[in-house]
Structure formats: C-alpha cells, structure tokens
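Quick notes on the structure that follows.
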There are 2 protein chains.
Amino acid sequence: MPASRDFTAAASAERPLLVGIDVGGTSIKLGLVDSRGETLAYQAIPTHAETGAADAADRMGQAVRALYAEAGVAASDVARAGLATPGPLDIATGMLLHPGNLPHWHNTPIRDLVSNACGLPVRFANDANAAAYGEFWRGAGREVRSMVMFTLGTGVGGGIVIDDVLLEGCHGCGGELGHIIIDCHDDAPNNSLDILGTLEGYCGSYGVTGRAEAALARGDASSLRKRTGDGEELTPLMIAEEAEAGDQLALDVVLDTAKYLAIGIVTAVHTIDPESVVIGGAMTFGGAGHPLGERFLDRIRSEAKSRMFEALRDKVSIDFATLGSDAGYLGAAGLARRDAP
Amino acid sequence: MPASRDFTAAASAERPLLVGIDVGGTSIKLGLVDSRGETLAYQAIPTHAETGAADAADRMGQAVRALYAEAGVAASDVARAGLATPGPLDIATGMLLHPGNLPHWHNTPIRDLVSNACGLPVRFANDANAAAYGEFWRGAGREVRSMVMFTLGTGVGGGIVIDDVLLEGCHGCGGELGHIIIDCHDDAPNNSLDILGTLEGYCGSYGVTGRAEAALARGDASSLRKRTGDGEELTPLMIAEEAEAGDQLALDVVLDTAKYLAIGIVTAVHTIDPESVVIGGAMTFGGAGHPLGERFLDRIRSEAKSRMFEALRDKVSIDFATLGSDAGYLGAAGLARRDAP
C-alpha cells in the first residue's frame with residue numbers, strides 16, 4: 001500500500017462499508033473499503049505472532065476503530081468484515097488449524113476472536129483465496145467472468161473464481177494449486193507437506209533454490225558460486241540478480257520455473273477453463289514492467305500455450321496480478337460484501 | 001441398459017418428462033426420463049457415423065417418437081431433450097467441432113439438427129460431462145454436494161459437479177481431466193493431442209498398453225509375450241486377463257495405472273475439494289465386485305491418500321461409478337431438466 005495512495009472520501013463512498021483484514025506471518029493489513037472496492041482508510045500493523053491470536057485480535061479491533069476515525073465514518077455504516085488468514089483453516093467453525101507461519105496460533109477460534117474485537121460479523125477465508133477474489137473484483141481479473149490465480153512465494157498458493165463465486169471446496173481446500181502434482185515419478189522433489197512432485201516443490205522458493213543448488217553441486221559454472229562461497233544464502237532474489245547480470249545458470253533456473261508453472265497452469269486451465277490466469281506473489285522475478293519479470297511471463301505464456309488445447313490458446317489470457325499486497329484485504333472485504341457469515 | 005430393467009409407468013412419472021440422448025462412435029442411447037431421473041422407455045440405435053449427422057438426427061427423432069409410443073405419453077408431456085456428444089464442441093452455438101470418433105460429423109450444427117428432428121429444445125453437453133452429471137444426479141454421487149468423475153477408456157474423460165452445477169468452463173473445456181499434466185519431464189509420454197505427460201498418456205488405453213509393450217521390449221518375463229507372439233493385439237483386456245491369471249508384469253501395469261490415476265485424482269481434489277471422486281468408463285479392470293477391479297480401486301485409494309492433504313484423507317470418498325453406460329443419457333436428461341437451451 002503506497003503511502004501516497006488517494007483514499008476515497010466517506011461522503012462519496014457507496015454503503016454499506018466493509019472491513020478487509022489480511023493476516024500474514026509478519027504484518028496484518030487492514031482496509032476500510034466501500035461496496036465498490038474503493039479504500040477509505042488503510043493500516044498495516046505488526047503481527048507479533050508470538051504474543052498469540054487473542055492479543056492480535058484486540059489490536060485488530062483497535063486498528064479498525066482507528067480506520068473509522070480516520071475516514072470519519074460511524075461504526076453503524078460498516079456492515080461486515082472479511083478476514084483472510086493462512087491455511088489450513090476450517091471455514092465452517094472459524095478455526096485456524098495449524099498454519100506453518102503462525103505456530104503460536106494453532107487451533108484458535110480466530111474468526112470469533114476478530115468478530116468480538118471488531119464488533120462485526122466476519123467472513124473467514126484462506127489468504128490465497130481472498131487474494132484471488134481481490135484480483136477478480138478489483139485487479140487483473142476485473143473484466144473477466146472466471147479466473148484462476150497462482151501466488152508465488154515461499155509456498156505456492158492458488159485461488160479460483162467462477163462467475164463471481166470463490167471455489168472454496170467442501171472442506172476449505174479448493175484452489176490449493178500449489179499442491180497439484182506435476183511430476184508423477186518417485187524421485188520427484190518433495191514439498192513442505194511431504195507430498196512428492198507438487199507444483200510448489202518446483203515453483204516454491206525452496207524448489208527454485210533447490211534446483212540452483214543441485215546445478216551448482218554438479219559443478220556447473222555460475223556467478224552464484226562466488227556469492228554462496230562468500231557465505232551468502234542462496235535465495236530467489238540472488239538468482240534473479242545474477243540472471244539479470246547475465247549468469248546463464250541463474251537464468252535457466254528462472255525460465256525452468258516458468259516452464260513448471262506453465263505446466264501447472266495447463267492443468268488448471270483444462271480443469272476449470274477460465275477466461276484468465278493471473279500470477280501474483282512476491283516471487284515473480286520483478287514482475288510486470290521489469291525485464292526479467294517480463295521474460296519470465298513470456299516463457300510462462302509460450303510453455304503453457306504449447307501444451308494447451310488449441311481451441312484455448314488464444315482465448316485464455318495469462319497476466320501478472322495488479323494489486324500487489326492489497327489483494328488480500330480487498331478480497332476479504334469483497335467476500336464480506338457478498339456473504340453473510 | 002439391461003433388457004430386464006423395470007421401467008417407470010407413465011402414470012407415476014413426475015412431469016415434465018425429458019429425453020436424454022448420448023451419442024457415441026458406435027451407438028446412440030436414448031431414454032425417456034421423468035423429472036426424478038426414472039426411465040420410462042429406452043432404446044439404443046446404431047450411430048452409423050459414416051452416413052452423416054443429419055441422417056443420424058432423423059433416426060434420433062424416430063427413436064424419440066418410438067419412446068413416447070412405448071411409454072404411452074404425449075409429446076406435449078415432454079419439455080426438453082439433453083444431447084451429449086464427444087467433444088470438442090461449442091456449447092453456445094451447438095456445433096460439433098472435430099471429434100476423433102465421428103470423423104464424418106465435423107463442424108456440424110448437431111444441436112439444431114437434433115432439436116428439429118425431435119421437436120424439442122435441446123441442452124447440449126460434452127459426453128464425459130453429461131456422464132458425470134448423471135452419476136451425480138442418479139448414481140455414485142447422488143448423496144453428495146460435489147463430485148469429480150474420471151472416465152477411463154480409449155481416452156480419459158472427466159467431469160466436475162459443484163453444488164448441482166456442472167463445471168463446463170468459459171469455452172466448454174471444463175473438467176477435461178484426461179488432459180491435466182502429471183509428468184513435467186520432456187521425455188513424458190505423448191497423448192492423442194500431442195500434449196506431453198497428460199493423465200490420458202498414462203491412463204488411457206494406449207498409455208496402459210504402451211507401458212506393457214515397453215516392459216516386454218525390455219525383455220521382462222510375462223505371459224503377455226506368448227499371446228502377442230501368437231499374433232494377438234495387446235489390449236487392456238488382455239492385460240487384465242493375464243494379471244488375473246497371475247502374471248506379475250500385467251499386474252504391475254494395472255497397479256501402476258492405479259497410481260497414475262491416483263496422482264490425477266489428488267490434483268483434482270486439491271483443486272476442487274469435492275466430497276466424492278467417482279471412477280467410471282470401460283477400462284476399470286472389471287470394476288466393482290470383480291477381484292482385479294477391487295484391487296485396482298484399493299490401490300487408487302491408497303496411492304491417492306498417501307499424497308492428499310491429511311485433512312482430506314478421510315473426507316473425500318473414491319468409488320466406482322454405478323450407472324455404467326446409462327450415465328450419459330441420464331445426465332443429459334438431468335441437465336435438460338435444469339437448463340433452458
């Protein structure tokens with residue numbers, strides 16, 4: 001959220017108003033949003049995950065009241081809140097189960113804690129699903145009927161929206177596109193959940209660095225060797241930097257990541273047949289407008305089209321997300337506007 | 001359709017009545033069905049694909065009128081027909097595009113031909129999708145909210161039903177689960193559409209026989225060698241017979257097919273998160289109640305559960321379809337009951 005962003009004035013906002021909350025391992029983003037998705041006020045607060053969920057919920061309540069004050073709106077103008085958290089979670093009971101990046105919050109009734117602290121009914125959703133809904137409502141997918149989103153970061157998340165309905169599944173596991181299997185062989189890389197051959201195992205940050213490490217271990221020439229030899233940790237950012245500086249091994253790792261993601265995209269397209277595929281998250285090698293990011297996207301498109309039904313090649317768009325880290329709170333608010341808790 | 005099947009009497013049928021038509025490369029199945037999915041009358045006629053779509057549509061119209069006469073119902077009691085055909089097809093325009101098993105019917109306005117011949121508005125659908133809807137409405141999925149179906153045969157088809165809505169996609173390619181990619185390697189087997197590493201390339205009949213041929217070519221011992229040496233064509237049925245007779249290579253081919261299908265199932269489950277997965281089609285190695293079929297299903301279940309989110313392992317059922325070749329016409333009729341053309 002850029003500090004310079006123009007907020008919508010309360011007088012021109014479309015009622016009812018909504019609160020969107022996106023909980024991450026490091027920070028919690030909160031926005032006061034109108035029914036068209038215009039933001040009236042925004043705050044990010046530290047998660048301080050180690051102090052527990054109840055404390056964080058209290059601070060969310062304080063932040064929400066600060067948003068009302070900042071925008072000059074009454075609590076009675078606000079209808080509902082949307083709350084996005086990392087999974088796994090149980091939507092029906094509002095429970096956070098055992099998210100890897102919130103170890104102190106396991107088995108917490110997070111929805112009700114936040115609802116009480118904010119004085120609002122809360123629509124609860126998985127963070128990747130909320131981000132997908134945000135992009136569908138206000139971002140890269142705003143002109144389409146249906147959209148599949150992949151979120152690249154430490155893990156790989158996903159979200160599916162069909163005709164304005166988020167596909168959450170019977171048990172809250174719909175759209176878990178990081179855990180589709182793209183390699184059926186027994187020697188496929190493992191992922192964080194001990195599942196062999198998943199998209200995340202290839203395109204999550206550890207999959208990407210793991211391929212670079214394997215190539216270095218084979219003795220391939222690379223400028224990455226000097227940096228890791230100097231004691232730096234091998235990261236996707238380092239790989240991006242060396243790829244930009246002309247290192248072939250690093251560039252191959254980036255373009256192979258594009259190929260594996262494209263294979264996951266084809267699977268999603270042949271399952272969902274959406275109008276649009278959107279790629280977001282922190283690990284897009286610079287993303288839109290950046291030379292390496294655009295090269296990454298071009299490779300994704302060409303690899304996906306080479307494996308896609310001919311009839312779909314010119315019909316399914318593949319683009320970067322446009323909302324950045326705003327997608328989660330906007331999507332949470334957007335879900336809250338449509339769904340009673 | 002067993003000849004001995006008890007048909008529902010017209011007097012006890014729930015109006016409006018529907019016609020379901022399932023067009024295959026060899027035969028066309030037609031049923032007169034009531035609004036609960038009970039069949040009043042049924043016929044199968046030869047496709048005679050080589051005489052063209054217009055001729056077949058005329059014969060469908062005659063068969064439909066024969067069904068009315070057999071059941072003793074008036075044409076005015078019948079509201080709509082559902083028509084299922086092999087894809088690819090264009091649902092919006094009612095066009096059959098270029099199905100591999102109906103070469104003389106390419107680029108035919110099949111929906112309107114059948115509508116005119118039968119005197120009914122026609123709901124047009126892909127045959128695998130219609131079969132999935134049939135199983136959801138009347139078969140293995142009748143107790144669940146959402147279901148993913150895999151159809152094993154020469155090719156691998158699929159269908160997805162969520163909350164009683166068939167997922168057909170933006171361009172009629174939703175649920176094409178044979179064309180999800182389970183092998184991201186460049187040496188993966190190819191499929192009928194020249195896509196590398198698809199589920200169909202592993203679990204379609206040519207994928208199954210291809211793995212057996214490769215093992216025989218490596219010199220592995222097998223009773224299959226004698227039969228193929230005697231000039232018999234290697235088929236999935238032959239593999240099933242030799243597996244039952246105790247041949248290890250043949251059994252391994254069957255159980256590997258189960259593993260690859262399980263990998264595709266996990267991908268679909270982590271995407272859709274359904275209540276139930278249903279496996280149908282002709283190539284289920286005997287299917288329910290048959291020792292090899294049950295062993296095939298047990299292996300599918302164990303391989304899928306070993307790769308599935310822990311939270312889903314006991315929640316997502318995996319079972320054989322129950323309607324056999326009735327699924328298509330029943331599903332077509334079921335879709336027609338809900339959708340105006």
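Residues are referred to by chain and number: the chain letter is A, B, ... according to the order shown in the structure tokens, the number counts from 1 in that chain, and ligands are numbered separately from 1 in the order shown.
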
What's the 8 Å shell around Ser146 in chain A, counting only C-alpha atoms, without same-chain residues fewer than 4 positions away, as an MDAnalysis selection string? (chainID A and resid 136 141 160:164 274:276) or (chainID B and resid 170)

Lay chain A over chain B using all C-alpha atoms, matched one to one in order, with a least-squares fit; then write it out as a short mmCIF file (atom, residue, chain, number, x, y, z; two decimals) with C-alpha atoms, in the first residue's frame.
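Output file result.cif follows:
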data_model
loop_
_atom_site.label_atom_id
_atom_site.label_comp_id
_atom_site.auth_asym_id
_atom_site.auth_seq_id
_atom_site.Cartn_x
_atom_site.Cartn_y
_atom_site.Cartn_z
CA MET A 1 -29.05 -50.94 -20.21
CA PRO A 2 -30.21 -54.40 -19.17
CA ALA A 3 -33.21 -55.61 -21.13
CA SER A 4 -34.81 -56.73 -17.88
CA ARG A 5 -34.82 -53.27 -16.35
CA ASP A 6 -38.09 -52.19 -14.83
CA PHE A 7 -39.31 -49.02 -16.40
CA THR A 8 -41.41 -46.49 -14.57
CA ALA A 9 -45.01 -46.32 -15.75
CA ALA A 10 -46.15 -43.08 -17.35
CA ALA A 11 -48.93 -42.75 -14.78
CA SER A 12 -46.46 -42.53 -11.89
CA ALA A 13 -43.85 -40.40 -13.68
CA GLU A 14 -43.16 -36.91 -12.46
CA ARG A 15 -43.75 -34.26 -15.12
CA PRO A 16 -42.28 -32.64 -17.09
CA LEU A 17 -40.69 -35.53 -18.93
CA LEU A 18 -37.30 -35.28 -20.58
CA VAL A 19 -35.38 -37.04 -23.31
CA GLY A 20 -31.71 -37.91 -22.77
CA ILE A 21 -29.54 -38.74 -25.80
CA ASP A 22 -25.94 -39.97 -25.57
CA VAL A 23 -24.10 -40.16 -28.90
CA GLY A 24 -21.09 -42.47 -29.12
CA GLY A 25 -18.96 -43.60 -32.01
CA THR A 26 -20.79 -46.95 -32.22
CA SER A 27 -24.24 -46.48 -30.71
CA ILE A 28 -26.65 -43.77 -29.66
CA LYS A 29 -28.52 -44.30 -26.40
CA LEU A 30 -31.85 -42.59 -25.92
CA GLY A 31 -34.01 -42.57 -22.80
CA LEU A 32 -37.34 -41.03 -21.89
CA VAL A 33 -36.83 -39.91 -18.31
CA ASP A 34 -38.99 -38.25 -15.69
CA SER A 35 -38.02 -35.28 -13.54
CA ARG A 36 -36.63 -37.53 -10.80
CA GLY A 37 -34.45 -39.44 -13.27
CA GLU A 38 -36.64 -42.55 -13.55
CA THR A 39 -36.55 -44.07 -17.02
CA LEU A 40 -39.89 -44.71 -18.78
CA ALA A 41 -38.47 -46.12 -22.02
CA TYR A 42 -35.07 -46.71 -23.55
CA GLN A 43 -33.52 -47.51 -26.94
CA ALA A 44 -30.06 -47.88 -28.36
CA ILE A 45 -29.61 -47.39 -32.09
CA PRO A 46 -26.46 -47.74 -34.20
CA THR A 47 -24.63 -44.49 -34.86
CA HIS A 48 -23.73 -45.34 -38.48
CA ALA A 49 -21.42 -42.35 -38.25
CA GLU A 50 -20.41 -42.66 -41.90
CA THR A 51 -23.88 -41.69 -43.12
CA GLY A 52 -23.50 -38.28 -41.53
CA ALA A 53 -25.05 -36.28 -38.73
CA ALA A 54 -28.27 -35.26 -40.50
CA ASP A 55 -29.22 -38.88 -41.11
CA ALA A 56 -28.41 -39.78 -37.51
CA ALA A 57 -30.48 -36.85 -36.25
CA ASP A 58 -33.47 -38.06 -38.29
CA ARG A 59 -33.10 -41.52 -36.78
CA MET A 60 -32.86 -40.00 -33.31
CA GLY A 61 -36.17 -38.23 -33.97
CA GLN A 62 -37.80 -41.51 -35.00
CA ALA A 63 -36.41 -43.24 -31.92
CA VAL A 64 -37.71 -40.49 -29.65
CA ARG A 65 -41.22 -40.85 -31.08
CA ALA A 66 -40.95 -44.62 -30.58
CA LEU A 67 -40.08 -43.98 -26.92
CA TYR A 68 -43.18 -41.81 -26.51
CA ALA A 69 -45.32 -44.55 -28.06
CA GLU A 70 -43.74 -47.27 -25.96
CA ALA A 71 -44.31 -45.34 -22.74
CA GLY A 72 -47.75 -44.14 -23.82
CA VAL A 73 -47.03 -40.45 -23.31
CA ALA A 74 -47.93 -37.43 -25.42
CA ALA A 75 -45.27 -35.24 -26.99
CA SER A 76 -46.76 -32.36 -25.02
CA ASP A 77 -45.69 -34.09 -21.78
CA VAL A 78 -42.03 -33.79 -22.81
CA ALA A 79 -40.32 -30.50 -22.07
CA ARG A 80 -36.76 -30.72 -23.36
CA ALA A 81 -34.02 -33.02 -24.57
CA GLY A 82 -30.44 -33.27 -23.40
CA LEU A 83 -27.85 -34.20 -26.02
CA ALA A 84 -24.40 -35.50 -25.08
CA THR A 85 -21.72 -35.93 -27.73
CA PRO A 86 -17.98 -36.43 -27.79
CA GLY A 87 -16.02 -33.18 -27.78
CA PRO A 88 -14.63 -30.87 -28.81
CA LEU A 89 -17.84 -28.96 -29.20
CA ASP A 90 -19.08 -25.40 -28.93
CA ILE A 91 -21.91 -25.27 -26.45
CA ALA A 92 -23.01 -21.72 -27.25
CA THR A 93 -23.52 -22.36 -30.97
CA GLY A 94 -24.47 -26.04 -30.65
CA MET A 95 -21.68 -27.09 -33.01
CA LEU A 96 -19.83 -30.36 -32.97
CA LEU A 97 -16.26 -29.37 -33.89
CA HIS A 98 -13.88 -32.24 -34.71
CA PRO A 99 -14.45 -35.30 -32.48
CA GLY A 100 -11.93 -38.03 -33.24
CA ASN A 101 -14.49 -40.85 -33.24
CA LEU A 102 -17.03 -39.09 -35.50
CA PRO A 103 -14.90 -38.03 -38.46
CA HIS A 104 -17.90 -37.56 -40.79
CA TRP A 105 -19.62 -35.18 -38.40
CA HIS A 106 -17.01 -32.44 -38.14
CA ASN A 107 -18.30 -28.87 -37.91
CA THR A 108 -21.93 -29.93 -37.78
CA PRO A 109 -24.73 -27.92 -36.08
CA ILE A 110 -25.70 -31.07 -34.21
CA ARG A 111 -27.80 -29.39 -31.53
CA ASP A 112 -30.16 -27.77 -34.03
CA LEU A 113 -30.33 -30.89 -36.21
CA VAL A 114 -31.42 -32.94 -33.20
CA SER A 115 -33.75 -30.22 -31.95
CA ASN A 116 -35.56 -30.10 -35.30
CA ALA A 117 -35.70 -33.87 -35.67
CA CYS A 118 -37.11 -34.37 -32.17
CA GLY A 119 -39.27 -31.27 -31.96
CA LEU A 120 -37.72 -30.32 -28.62
CA PRO A 121 -35.43 -27.61 -27.29
CA VAL A 122 -32.03 -29.24 -26.73
CA ARG A 123 -29.48 -28.79 -23.93
CA PHE A 124 -26.10 -29.66 -25.45
CA ALA A 125 -23.19 -31.07 -23.42
CA ASN A 126 -19.90 -32.92 -23.66
CA ASP A 127 -20.42 -36.67 -23.13
CA ALA A 128 -17.99 -37.04 -20.21
CA ASN A 129 -19.58 -34.05 -18.50
CA ALA A 130 -23.05 -35.49 -19.04
CA ALA A 131 -21.94 -38.85 -17.61
CA ALA A 132 -20.56 -37.05 -14.55
CA TYR A 133 -23.82 -35.19 -14.11
CA GLY A 134 -25.70 -38.48 -14.46
CA GLU A 135 -23.63 -40.11 -11.72
CA PHE A 136 -24.12 -37.02 -9.55
CA TRP A 137 -27.89 -36.98 -10.08
CA ARG A 138 -28.70 -40.68 -10.00
CA GLY A 139 -25.55 -42.73 -9.39
CA ALA A 140 -22.46 -42.87 -7.20
CA GLY A 141 -22.69 -39.15 -6.37
CA ARG A 142 -26.36 -38.92 -5.52
CA GLU A 143 -25.75 -38.30 -1.81
CA VAL A 144 -22.98 -35.70 -2.15
CA ARG A 145 -22.79 -31.96 -2.74
CA SER A 146 -19.91 -32.04 -5.16
CA MET A 147 -18.18 -34.69 -7.22
CA VAL A 148 -15.29 -35.17 -9.61
CA MET A 149 -15.54 -38.02 -12.11
CA PHE A 150 -12.83 -39.70 -14.19
CA THR A 151 -13.91 -41.84 -17.15
CA LEU A 152 -11.36 -44.42 -18.27
CA GLY A 153 -11.47 -45.75 -21.81
CA THR A 154 -9.55 -45.22 -25.03
CA GLY A 155 -9.17 -41.69 -23.73
CA VAL A 156 -9.64 -40.35 -20.22
CA GLY A 157 -12.61 -38.06 -19.69
CA GLY A 158 -13.69 -36.06 -16.72
CA GLY A 159 -16.50 -34.09 -15.23
CA ILE A 160 -16.94 -31.81 -12.24
CA VAL A 161 -20.20 -31.03 -10.47
CA ILE A 162 -20.25 -28.49 -7.65
CA ASP A 163 -23.47 -27.82 -5.73
CA ASP A 164 -25.53 -29.33 -8.55
CA VAL A 165 -23.85 -27.16 -11.20
CA LEU A 166 -21.78 -28.80 -13.94
CA LEU A 167 -18.44 -27.02 -14.37
CA GLU A 168 -18.37 -26.58 -18.15
CA GLY A 169 -15.93 -23.68 -18.28
CA CYS A 170 -15.85 -20.51 -20.33
CA HIS A 171 -15.17 -22.33 -23.60
CA GLY A 172 -16.74 -25.75 -22.99
CA CYS A 173 -13.44 -27.30 -21.84
CA GLY A 174 -14.11 -27.53 -18.10
CA GLY A 175 -13.43 -30.90 -16.49
CA GLU A 176 -11.13 -32.18 -19.25
CA LEU A 177 -9.29 -34.20 -16.65
CA GLY A 178 -7.64 -36.53 -19.15
CA HIS A 179 -5.56 -33.57 -20.25
CA ILE A 180 -4.16 -32.46 -16.92
CA ILE A 181 -0.39 -32.93 -16.85
CA ILE A 182 1.08 -35.39 -14.36
CA ASP A 183 4.59 -35.64 -15.82
CA CYS A 184 6.56 -32.43 -16.39
CA HIS A 185 9.55 -34.14 -17.99
CA ASP A 186 10.43 -33.72 -21.65
CA ASP A 187 10.49 -37.52 -22.19
CA ALA A 188 6.95 -37.99 -20.88
CA PRO A 189 4.52 -40.00 -23.01
CA ASN A 190 2.51 -38.10 -25.56
CA ASN A 191 -1.27 -38.22 -25.92
CA SER A 192 -3.72 -38.10 -28.81
CA LEU A 193 -3.53 -34.29 -28.88
CA ASP A 194 0.28 -34.22 -28.84
CA ILE A 195 0.37 -32.97 -25.26
CA LEU A 196 3.23 -34.41 -23.23
CA GLY A 197 2.73 -36.04 -19.86
CA THR A 198 -1.05 -35.97 -19.56
CA LEU A 199 -3.10 -38.24 -17.35
CA GLU A 200 -4.54 -39.75 -20.54
CA GLY A 201 -1.04 -40.52 -21.79
CA TYR A 202 -0.60 -42.69 -18.69
CA CYS A 203 -4.14 -44.01 -18.05
CA GLY A 204 -5.81 -44.03 -21.48
CA SER A 205 -5.83 -47.45 -23.13
CA TYR A 206 -2.83 -46.61 -25.32
CA GLY A 207 -0.88 -45.42 -22.28
CA VAL A 208 -1.61 -48.69 -20.49
CA THR A 209 -0.73 -50.92 -23.44
CA GLY A 210 2.29 -48.74 -24.19
CA ARG A 211 3.77 -49.40 -20.73
CA ALA A 212 3.19 -53.14 -21.18
CA GLU A 213 4.85 -53.04 -24.62
CA ALA A 214 7.82 -51.14 -23.24
CA ALA A 215 8.27 -53.74 -20.49
CA LEU A 216 8.05 -56.58 -23.00
CA ALA A 217 10.57 -54.81 -25.22
CA ARG A 218 12.94 -54.64 -22.23
CA GLY A 219 12.69 -58.43 -22.14
CA ASP A 220 10.77 -58.76 -18.87
CA ALA A 221 9.17 -62.18 -18.39
CA SER A 222 5.42 -62.23 -18.97
CA SER A 223 2.64 -64.45 -20.24
CA LEU A 224 1.67 -61.49 -22.42
CA ARG A 225 4.64 -62.32 -24.64
CA LYS A 226 3.17 -65.63 -25.73
CA ARG A 227 -0.19 -64.09 -26.61
CA THR A 228 1.26 -61.19 -28.57
CA GLY A 229 3.74 -63.62 -30.17
CA ASP A 230 0.71 -65.61 -31.32
CA GLY A 231 -0.42 -62.52 -33.19
CA GLU A 232 -3.00 -61.20 -30.71
CA GLU A 233 -3.19 -57.45 -30.31
CA LEU A 234 -2.12 -56.23 -26.88
CA THR A 235 -5.17 -54.65 -25.22
CA PRO A 236 -6.15 -53.57 -21.70
CA LEU A 237 -8.49 -56.58 -21.62
CA MET A 238 -5.59 -58.94 -22.38
CA ILE A 239 -3.55 -57.27 -19.66
CA ALA A 240 -6.45 -57.72 -17.21
CA GLU A 241 -6.82 -61.37 -18.14
CA GLU A 242 -3.13 -62.13 -17.68
CA ALA A 243 -3.00 -60.14 -14.44
CA GLU A 244 -5.86 -62.25 -13.11
CA ALA A 245 -4.06 -65.39 -14.26
CA GLY A 246 -1.11 -64.38 -12.08
CA ASP A 247 1.23 -62.59 -14.49
CA GLN A 248 3.30 -60.12 -12.49
CA LEU A 249 4.14 -57.76 -15.34
CA ALA A 250 0.48 -57.45 -16.30
CA LEU A 251 -0.48 -56.87 -12.66
CA ASP A 252 2.21 -54.20 -12.31
CA VAL A 253 0.79 -52.41 -15.37
CA VAL A 254 -2.68 -52.43 -13.79
CA LEU A 255 -1.43 -51.19 -10.40
CA ASP A 256 0.79 -48.54 -11.98
CA THR A 257 -2.29 -47.31 -13.83
CA ALA A 258 -3.96 -47.02 -10.42
CA LYS A 259 -1.02 -44.97 -9.15
CA TYR A 260 -1.06 -42.55 -12.08
CA LEU A 261 -4.81 -42.14 -11.83
CA ALA A 262 -4.42 -41.49 -8.09
CA ILE A 263 -1.96 -38.70 -8.88
CA GLY A 264 -4.52 -37.14 -11.20
CA ILE A 265 -7.17 -37.55 -8.51
CA VAL A 266 -5.00 -35.72 -5.95
CA THR A 267 -4.57 -32.83 -8.38
CA ALA A 268 -8.33 -32.65 -8.91
CA VAL A 269 -9.00 -32.92 -5.17
CA HIS A 270 -6.55 -30.13 -4.29
CA THR A 271 -8.17 -27.98 -6.99
CA ILE A 272 -11.88 -28.70 -6.49
CA ASP A 273 -12.01 -30.21 -2.96
CA PRO A 274 -15.08 -32.34 -3.71
CA GLU A 275 -16.93 -34.65 -1.37
CA SER A 276 -16.55 -37.56 -3.74
CA VAL A 277 -14.40 -38.86 -6.59
CA VAL A 278 -16.04 -41.33 -8.97
CA ILE A 279 -14.28 -43.58 -11.47
CA GLY A 280 -16.18 -44.90 -14.46
CA GLY A 281 -15.71 -45.97 -18.04
CA ALA A 282 -14.96 -49.26 -19.74
CA MET A 283 -11.35 -49.62 -18.58
CA THR A 284 -11.72 -50.23 -14.84
CA PHE A 285 -10.28 -53.79 -14.97
CA GLY A 286 -13.59 -55.40 -14.13
CA GLY A 287 -14.84 -52.67 -11.83
CA ALA A 288 -16.89 -53.11 -8.67
CA GLY A 289 -17.26 -56.63 -7.32
CA HIS A 290 -14.52 -58.04 -9.55
CA PRO A 291 -11.30 -59.11 -7.76
CA LEU A 292 -8.95 -57.24 -10.13
CA GLY A 293 -11.25 -54.23 -10.26
CA GLU A 294 -11.38 -54.05 -6.46
CA ARG A 295 -7.61 -54.39 -6.26
CA PHE A 296 -7.30 -51.54 -8.80
CA LEU A 297 -9.63 -49.38 -6.68
CA ASP A 298 -7.81 -50.23 -3.44
CA ARG A 299 -4.52 -49.16 -5.01
CA ILE A 300 -6.06 -45.93 -6.30
CA ARG A 301 -7.33 -45.14 -2.80
CA SER A 302 -4.06 -45.89 -1.02
CA GLU A 303 -1.91 -44.01 -3.55
CA ALA A 304 -4.26 -41.01 -3.53
CA LYS A 305 -4.44 -40.84 0.26
CA SER A 306 -0.66 -40.99 0.57
CA ARG A 307 -0.40 -37.78 -1.49
CA MET A 308 -3.50 -35.93 -0.27
CA PHE A 309 -3.76 -33.25 2.40
CA GLU A 310 -4.06 -35.06 5.70
CA ALA A 311 -7.25 -33.14 6.47
CA LEU A 312 -8.93 -34.59 3.37
CA ARG A 313 -7.82 -38.23 3.54
CA ASP A 314 -10.84 -39.46 5.46
CA LYS A 315 -13.26 -36.96 4.00
CA VAL A 316 -13.06 -37.48 0.24
CA SER A 317 -14.54 -40.78 -0.93
CA ILE A 318 -13.19 -42.59 -4.00
CA ASP A 319 -15.57 -45.10 -5.59
CA PHE A 320 -16.57 -46.69 -8.85
CA ALA A 321 -19.43 -45.24 -10.86
CA THR A 322 -22.69 -47.17 -10.59
CA LEU A 323 -24.69 -46.31 -13.72
CA GLY A 324 -22.45 -47.90 -16.36
CA SER A 325 -23.41 -46.83 -19.87
CA ASP A 326 -26.68 -45.27 -18.65
CA ALA A 327 -24.82 -42.33 -17.08
CA GLY A 328 -24.65 -40.34 -20.33
CA TYR A 329 -28.31 -40.29 -21.35
CA LEU A 330 -29.45 -39.86 -17.73
CA GLY A 331 -27.05 -36.98 -17.24
CA ALA A 332 -28.12 -35.35 -20.49
CA ALA A 333 -31.75 -35.59 -19.37
CA GLY A 334 -30.83 -34.27 -15.93
CA LEU A 335 -29.06 -31.28 -17.44
CA ALA A 336 -32.06 -30.62 -19.68
CA ARG A 337 -34.39 -30.59 -16.68
CA ARG A 338 -32.52 -27.68 -15.14
CA ASP A 339 -31.34 -25.62 -18.07
CA ALA A 340 -33.39 -23.88 -20.66
CA PRO A 341 -31.50 -24.05 -23.96
#

Could you write out, as an NGL selection string, all the residues of range 211-305 of chain A that DSSP marks as strand (DSSP E)? :A and (276-280)

Which of range 60-297 of chain A DSSP labels helix (DSSP H, G or I), written as a PyMOL selection string: chain A and resi 60-71+75-77+103-105+110-118+127-138+177-179+199-203+205-217+224-229+236-244+248-272+291-297
